[in-house]
Amino acid sequence: MDLRLSQDQEDIRRGVRDLARRFPDEYWAEHDERCAFPDEFYTAFAEAGWLGIAIPEEYGGGGLGILEASLLLEEVAASGAGMNGCSTMHLTIFGLNTIVKHGSEEMRKEILPGAVDGSLHVCFGVTEPDAGTDTTRISTFARRDGDSYVINGRKVWITKAGHSQKMVLIARTTPRDEVAKPTDGMSLFLVDIESDAVTLRAIPKMGRNAVSSYEVAIDDLRVPASARVGEEGKGFQYLLDGLNPERILLAHEALGIGRAALGKAIRYAKERIVFDRPIGMNQGIAFPLAEAATRLDAAELMARTAAWRYDNGLPCGKEANMAKWLCADAGFQAADRAIQTHGGMGYAREYHVERYFRESRVLRLAPISQEMVLNYVSQHVLGLPRSY
């Protein structure tokens with residue numbers, strides 16, 4: 001396994017980096033403070049063709065792999081855009097994987113070109129207030145009614161719902177107590193979110209405020225049977241096609257945020273003079289930054305390995321989960337050390353590291369908590385009894 005990047009992959013990094021630099025820290029701080037979606041940024045990346053990097057070429061995309069998509073998002077995060085920048089587009093990359101693999105040809109032709117050119121925003125509706133990480137406990141239900149389904153339920157923490165026209169939605173089509181396995185009886189749908197039957201409420205939150213998260217109430221939403229993705233009852237299996245790519249992508253985003261924070265801290269440690277010397281001369285400053293760099297580089301190796309295995313059709317559940325855990329931890333630690341290096345000014349908005357800190361924190365919770373990753377490793381890697 002050769003983890004060196006090809007010239008084409010290096011060119012992707014360079015191209016993304018150059019474009020992302022047009023949107024400085026001040027742009028992101030302003031949009032975060034105003035809770036304003038970064039339309040100019042999104043449009044620029046759409047016009048440059050980056051949104052469809054992993055969508056098949058026949059639908060206007062780049063047809064590249066998860067590694068190339070990961071490099072894109074890592075560079076976006078490292079530019080200072082952080083999760084505010086990445087969250088505008090990573091759903092287009094991994095969320096639509098279920099449509100690419102399991103949607104009808106008509107559905108793919110309807111959705112994918114618009115996602116590529118940026119004219120169509122799509123969100124992903126999985127999480128529910130009373131189900132949390134246990135997707136088998138969702139209560140949103142789609143009842144078959146002739147050639148239609150009538151959907152009722154509640155979703156929560158739905159990123160970009162207020163900016164989207166469509167939602168990839170998972171709902172039960174058979175009650176949980178009537179199926180052989182808890183993961184059976186769920187179906188995926190592609191539904192119109194701009195409907196009187198759908199009510200949205202933005203959730204006030206600590207960070208990543210340029211891209212809002214929503215509570216979504218669905219009351220008697222009628223959709224045609226053609227809106228179902230694939231076969232009825234197999235939605236959970238289809239959903240799995242997006243989980244490992246999601247972990248790999250967000251691992252790289254965590255790396256990007258960590259590197260942005262570390263870069264700020266290094267510059268400050270060289271420039272800040274206390275007791276007639278730059279504070280970076282002090283081991284109390286230098287060693288934690290050296291440790292942060294070491295942790296980021298080590299985590300990167302696991303993230304690259306996970307992406308390589310996925311793109312080569314190899315099992316990667318272990319690597320994807322470990323990459324998510326390691327990168328989220330390393331990115332958060334780097335952001336924390338950046339604040340500490342800046343001292344009191346790290347708590348101020350002026351140097352932007354407090355924003356990196358807030359955005360790096362969410363990656364220890366989402367898309368799956370650090371504790372649930374360790375549950376996976378304990379059970380599926382170590383062979384220990386399931387603890388939950």
# chains A, B, ... in the order shown; residues from 1 in each chain; ligands from 1

$ closest_atom_pairs --of "segment 269-381 of chain A" --to "segment 3-10 of chain A" --cutoff "8 Å" --atoms "only C-alpha atoms" --output "JSON lines"
{"residue": "A:Arg304", "atom": "CA", "partner": "A:Leu3", "partner_atom": "CA", "distance": 6.8}
{"residue": "A:Thr305", "atom": "CA", "partner": "A:Leu3", "partner_atom": "CA", "distance": 7.3}
{"residue": "A:Trp308", "atom": "CA", "partner": "A:Leu3", "partner_atom": "CA", "distance": 7.8}

$ write_last_selection --atoms "N, CA and C atoms" --output "PDB file, in the first residue's frame"
ATOM      1  N   ARG A 304      -5.847   8.204   5.803  1.00  0.00           N
ATOM      2  CA  ARG A 304      -5.470   7.883   4.429  1.00  0.00           C
ATOM      3  C   ARG A 304      -5.633   6.382   4.159  1.00  0.00           C
ATOM      4  N   THR A 305      -5.287   5.572   5.139  1.00  0.00           N
ATOM      5  CA  THR A 305      -5.443   4.122   4.991  1.00  0.00           C
ATOM      6  C   THR A 305      -6.902   3.745   4.795  1.00  0.00           C
ATOM      7  N   TRP A 308      -8.006   4.757   1.306  1.00  0.00           N
ATOM      8  CA  TRP A 308      -7.419   3.862   0.306  1.00  0.00           C
ATOM      9  C   TRP A 308      -8.153   2.530   0.276  1.00  0.00           C
TER      10      TRP A 308
END

$ residues_around --residues "segment 246-259 of chain A" --least-positions-apart "6" --cutoff "9 Å" --atoms "only C-alpha atoms" --output "ChimeraX atom specification"
/A:66-67,69-71,73-83,86,90-91,93-95,292-293,296-297,299-300,303-304,306-307,319-321,323-335,356-357,359-360,363,366-368

$ write_last_selection --atoms "C-alpha atoms" --output "compact mmCIF listing (two decimals), in the first residue's frame"
# COMPACT_ATOMS: atom_id res chain seq x y z
CA ILE A 66 -13.37 9.02 -1.39
CA LEU A 67 -9.67 9.89 -1.01
CA ALA A 69 -13.12 13.96 -1.79
CA SER A 70 -11.37 13.74 1.58
CA LEU A 71 -8.44 15.80 0.34
CA LEU A 73 -12.63 18.73 2.48
CA GLU A 74 -9.38 18.64 4.44
CA GLU A 75 -8.10 21.61 2.46
CA VAL A 76 -11.39 23.48 2.92
CA ALA A 77 -11.20 22.98 6.68
CA ALA A 78 -7.50 23.87 6.82
CA SER A 79 -8.14 27.17 5.02
CA GLY A 80 -9.94 28.44 8.12
CA ALA A 81 -13.40 27.59 6.79
CA GLY A 82 -13.60 24.70 9.25
CA MET A 83 -16.90 22.91 9.60
CA CYS A 86 -17.16 21.66 4.88
CA HIS A 90 -20.00 17.04 2.43
CA LEU A 91 -23.61 15.87 2.32
CA ILE A 93 -20.44 13.84 -1.41
CA PHE A 94 -21.48 11.05 0.97
CA GLY A 95 -25.20 11.62 1.45
CA ALA A 292 -0.21 18.26 18.51
CA ALA A 293 1.70 18.05 15.22
CA LEU A 296 -2.18 15.03 13.61
CA ASP A 297 0.39 13.29 11.43
CA ALA A 299 -4.03 10.31 12.71
CA GLU A 300 -3.60 11.27 9.06
CA ALA A 303 -7.41 8.37 7.66
CA ARG A 304 -5.47 7.88 4.43
CA ALA A 306 -9.21 4.06 5.48
CA ALA A 307 -9.79 6.07 2.30
CA GLU A 319 -10.05 1.80 9.75
CA ALA A 320 -12.89 4.28 9.13
CA ASN A 321 -13.98 4.22 12.75
CA ALA A 323 -9.66 7.26 11.73
CA LYS A 324 -12.70 9.18 12.92
CA TRP A 325 -11.71 8.66 16.58
CA LEU A 326 -8.04 9.55 16.12
CA CYS A 327 -8.59 12.56 13.88
CA ALA A 328 -11.38 14.03 15.99
CA ASP A 329 -9.20 13.69 19.07
CA ALA A 330 -6.09 15.10 17.38
CA GLY A 331 -7.97 18.01 15.80
CA PHE A 332 -9.62 18.97 19.08
CA GLN A 333 -6.36 18.72 20.99
CA ALA A 334 -4.62 20.96 18.44
CA ALA A 335 -7.39 23.56 18.70
CA TYR A 356 -11.72 26.46 15.49
CA PHE A 357 -12.09 25.10 19.03
CA GLU A 359 -16.01 23.63 15.48
CA SER A 360 -13.51 20.90 16.34
CA LEU A 363 -16.43 16.16 15.58
CA ALA A 366 -20.77 13.58 15.21
CA PRO A 367 -21.43 11.68 13.08
CA ILE A 368 -20.94 9.22 15.91

$ atom_distance --atom1 "atom CA of Gln370 of chain A" --atom2 "atom CA of Asn312 of chain A"
26.3 Å

$ residues_around --residues "Asp196 of chain A" --least-positions-apart "6" --cutoff "12 Å" --atoms "only C-alpha atoms" --output "PyMOL selection string"
chain A and resi 217-222

$ atom_distance --atom1 "atom CA of Gln379 of chain A" --atom2 "atom CA of Gly313 of chain A"
22.7 Å

$ select_by_dssp --residues "segment 25-136 of chain A" --states "helix (DSSP H, G or I)" --output "JSON, numbers by chain"
{"A": [25, 26, 27, 28, 29, 30, 31, 32, 33, 34, 39, 40, 41, 42, 43, 44, 45, 46, 47, 57, 58, 59, 66, 67, 68, 69, 70, 71, 72, 73, 74, 75, 76, 77, 78, 79, 80, 81, 82, 83, 84, 85, 86, 90, 91, 92, 93, 94, 95, 97, 98, 99, 100, 101, 102, 105, 106, 107, 108, 109, 110, 111, 112, 113, 114, 115, 116, 117, 135, 136]}

$ residues_around --residues "Arg176 of chain A" --least-positions-apart "6" --cutoff "8 Å" --atoms "only C-alpha atoms" --output "PDB file with N, CA and C atoms, in the first residue's frame"
ATOM      1  N   THR A 136     -32.394   1.840  14.683  1.00  0.00           N
ATOM      2  CA  THR A 136     -33.485   0.862  14.615  1.00  0.00           C
ATOM      3  C   THR A 136     -34.697   1.296  15.428  1.00  0.00           C
ATOM      4  N   ARG A 137     -34.522   2.300  16.278  1.00  0.00           N
ATOM      5  CA  ARG A 137     -35.619   2.771  17.135  1.00  0.00           C
ATOM      6  C   ARG A 137     -36.357   3.971  16.547  1.00  0.00           C
ATOM      7  N   PRO A 182     -34.120  -6.091  13.907  1.00  0.00           N
ATOM      8  CA  PRO A 182     -34.447  -4.669  14.103  1.00  0.00           C
ATOM      9  C   PRO A 182     -34.072  -3.791  12.927  1.00  0.00           C
ATOM     10  N   ASP A 184     -34.394  -4.549   9.835  1.00  0.00           N
ATOM     11  CA  ASP A 184     -35.327  -4.754   8.720  1.00  0.00           C
ATOM     12  C   ASP A 184     -36.502  -3.782   8.833  1.00  0.00           C
ATOM     13  N   GLY A 185     -37.218  -3.637   7.731  1.00  0.00           N
ATOM     14  CA  GLY A 185     -38.465  -2.875   7.760  1.00  0.00           C
ATOM     15  C   GLY A 185     -38.309  -1.375   7.705  1.00  0.00           C
TER      16      GLY A 185
END

$ closest_residue --among "A:Ser226, A:Ser387, A:Gln340, A:Ser139" --to "Gly103 of chain A" --atoms "only C-alpha atoms"
A:Ser226

$ residues_around --residues "segment 123-135 of chain A" --least-positions-apart "2" --cutoff "8 Å" --atoms "only C-alpha atoms" --output "PyMOL selection string"
chain A and resi 91+95+121+137-139+154-161+164+166-170+368

$ write_last_selection --atoms "C-alpha atoms" --output "CSV table (one decimal), in the first residue's frame"
chain,number,residue,atom,x,y,z
A,91,LEU,CA,-23.6,15.9,2.3
A,95,GLY,CA,-25.2,11.6,1.4
A,121,HIS,CA,-29.4,21.3,-2.0
A,137,ARG,CA,-35.6,2.8,17.1
A,138,ILE,CA,-36.8,5.5,14.7
A,139,SER,CA,-40.5,6.1,14.9
A,154,ARG,CA,-39.8,13.9,13.7
A,155,LYS,CA,-36.1,14.3,12.8
A,156,VAL,CA,-33.5,16.3,14.7
A,157,TRP,CA,-30.0,17.7,14.0
A,158,ILE,CA,-30.7,17.8,10.2
A,159,THR,CA,-27.9,19.8,8.7
A,160,LYS,CA,-28.8,22.3,6.0
A,161,ALA,CA,-32.5,21.4,6.1
A,164,SER,CA,-32.5,22.3,1.0
A,166,LYS,CA,-34.8,17.6,-1.0
A,167,MET,CA,-34.2,15.2,1.9
A,168,VAL,CA,-32.9,11.7,1.8
A,169,LEU,CA,-35.2,10.3,4.6
A,170,ILE,CA,-35.2,7.0,6.4
A,368,ILE,CA,-20.9,9.2,15.9

$ select_by_dssp --residues "segment 204-310 of chain A" --states "strand (DSSP E or B)" --output "list in words"
Ser213, Tyr214, Glu215, Val216, Ala217, Ile218, Asp219, Asp220, Leu221, Arg222, Val223, Pro224, Arg228, Val229, Lys234, Ile273, Val274, Arg277 and Pro278 of chain A

$ residues_around --residues "Arg349 of chain A" --least-positions-apart "6" --cutoff "12 Å" --atoms "only C-alpha atoms" --output "list in words"
Asp25, Glu26, Trp28, Ala29, Glu30, Asp32, Glu33, Ile339, His342, Arg355, Tyr356, Phe357 and Arg358 of chain A

$ write_last_selection --atoms "C-alpha atoms" --output "mmCIF file, in the first residue's frame"
data_model
loop_
_atom_site.group_PDB
_atom_site.id
_atom_site.type_symbol
_atom_site.label_atom_id
_atom_site.label_comp_id
_atom_site.auth_asym_id
_atom_site.auth_seq_id
_atom_site.Cartn_x
_atom_site.Cartn_y
_atom_site.Cartn_z
ATOM 1 C CA ASP A 25 -11.052 33.944 8.438
ATOM 2 C CA GLU A 26 -12.978 37.199 8.661
ATOM 3 C CA TRP A 28 -16.186 32.826 8.202
ATOM 4 C CA ALA A 29 -16.271 34.685 11.505
ATOM 5 C CA GLU A 30 -18.876 37.080 10.114
ATOM 6 C CA ASP A 32 -20.773 32.295 11.881
ATOM 7 C CA GLU A 33 -21.800 35.276 13.996
ATOM 8 C CA ILE A 339 -6.083 28.619 22.539
ATOM 9 C CA HIS A 342 -2.579 32.467 22.679
ATOM 10 C CA ARG A 355 -13.960 29.363 16.496
ATOM 11 C CA TYR A 356 -11.718 26.455 15.493
ATOM 12 C CA PHE A 357 -12.089 25.102 19.033
ATOM 13 C CA ARG A 358 -15.887 25.280 18.883
#

$ residues_around --residues "Tyr149 of chain A" --least-positions-apart "3" --cutoff "12 Å" --atoms "only C-alpha atoms" --output "compact mmCIF listing (two decimals) with N, CA and C atoms, in the first residue's frame"
# COMPACT_ATOMS: atom_id res chain seq x y z
N PHE A 141 -42.70 7.06 10.32
CA PHE A 141 -43.33 5.92 9.64
C PHE A 141 -43.89 6.37 8.29
N ALA A 142 -43.66 5.52 7.29
CA ALA A 142 -44.21 5.75 5.95
C ALA A 142 -45.25 4.67 5.68
N ARG A 143 -46.50 5.07 5.63
CA ARG A 143 -47.61 4.12 5.41
C ARG A 143 -47.97 4.08 3.94
N ARG A 144 -47.98 2.88 3.37
CA ARG A 144 -48.32 2.73 1.96
C ARG A 144 -49.82 3.01 1.77
N ASP A 145 -50.12 3.82 0.78
CA ASP A 145 -51.50 4.16 0.45
C ASP A 145 -51.63 4.19 -1.07
N GLY A 146 -51.95 3.03 -1.66
CA GLY A 146 -52.04 2.94 -3.11
C GLY A 146 -50.69 3.14 -3.76
N ASN A 152 -45.17 10.35 8.48
CA ASN A 152 -45.30 11.14 9.70
C ASN A 152 -44.11 10.85 10.61
N ALA A 171 -37.30 6.00 7.03
CA ALA A 171 -38.53 5.84 7.82
C ALA A 171 -38.86 4.35 7.91
N ARG A 172 -39.59 4.00 8.93
CA ARG A 172 -40.08 2.62 9.02
C ARG A 172 -41.24 2.43 8.07
N THR A 173 -41.24 1.30 7.38
CA THR A 173 -42.38 0.91 6.57
C THR A 173 -43.03 -0.35 7.14
N SER A 187 -37.12 1.95 5.18
CA SER A 187 -36.98 2.28 3.77
C SER A 187 -36.45 3.71 3.62
N LEU A 188 -35.73 3.93 2.52
CA LEU A 188 -35.21 5.25 2.21
C LEU A 188 -36.11 5.93 1.19
N PHE A 189 -36.28 7.24 1.36
CA PHE A 189 -37.08 8.03 0.43
C PHE A 189 -36.33 9.31 0.09
N LEU A 190 -36.58 9.80 -1.10
CA LEU A 190 -36.11 11.11 -1.51
C LEU A 190 -37.34 12.00 -1.61
N VAL A 191 -37.48 12.93 -0.66
CA VAL A 191 -38.74 13.68 -0.55
C VAL A 191 -38.50 15.17 -0.73
N ASP A 220 -48.19 14.05 7.73
CA ASP A 220 -48.98 13.63 6.57
C ASP A 220 -48.37 14.11 5.25
N LEU A 221 -47.07 13.86 5.12
CA LEU A 221 -46.39 14.17 3.86
C LEU A 221 -46.64 13.02 2.89
N ARG A 222 -47.33 13.32 1.81
CA ARG A 222 -47.63 12.29 0.80
C ARG A 222 -46.59 12.35 -0.31
N VAL A 223 -45.98 11.20 -0.58
CA VAL A 223 -44.97 11.12 -1.63
C VAL A 223 -45.31 9.94 -2.54
N PRO A 224 -44.97 10.03 -3.82
CA PRO A 224 -45.25 8.90 -4.73
C PRO A 224 -44.33 7.73 -4.41
N ALA A 225 -44.77 6.53 -4.78
CA ALA A 225 -43.95 5.34 -4.54
C ALA A 225 -42.61 5.45 -5.25
N SER A 226 -42.55 6.21 -6.33
CA SER A 226 -41.30 6.40 -7.07
C SER A 226 -40.26 7.18 -6.27
N ALA A 227 -40.68 7.80 -5.16
CA ALA A 227 -39.73 8.52 -4.31
C ALA A 227 -38.94 7.58 -3.41
N ARG A 228 -39.35 6.32 -3.35
CA ARG A 228 -38.61 5.35 -2.54
C ARG A 228 -37.29 4.99 -3.24
N GLU A 232 -38.38 -1.69 -0.80
CA GLU A 232 -38.97 -1.42 0.51
C GLU A 232 -38.35 -2.34 1.55

$ atom_distance --atom1 "atom CA of Arg108 of chain A" --atom2 "atom CA of Gly52 of chain A"
13.0 Å
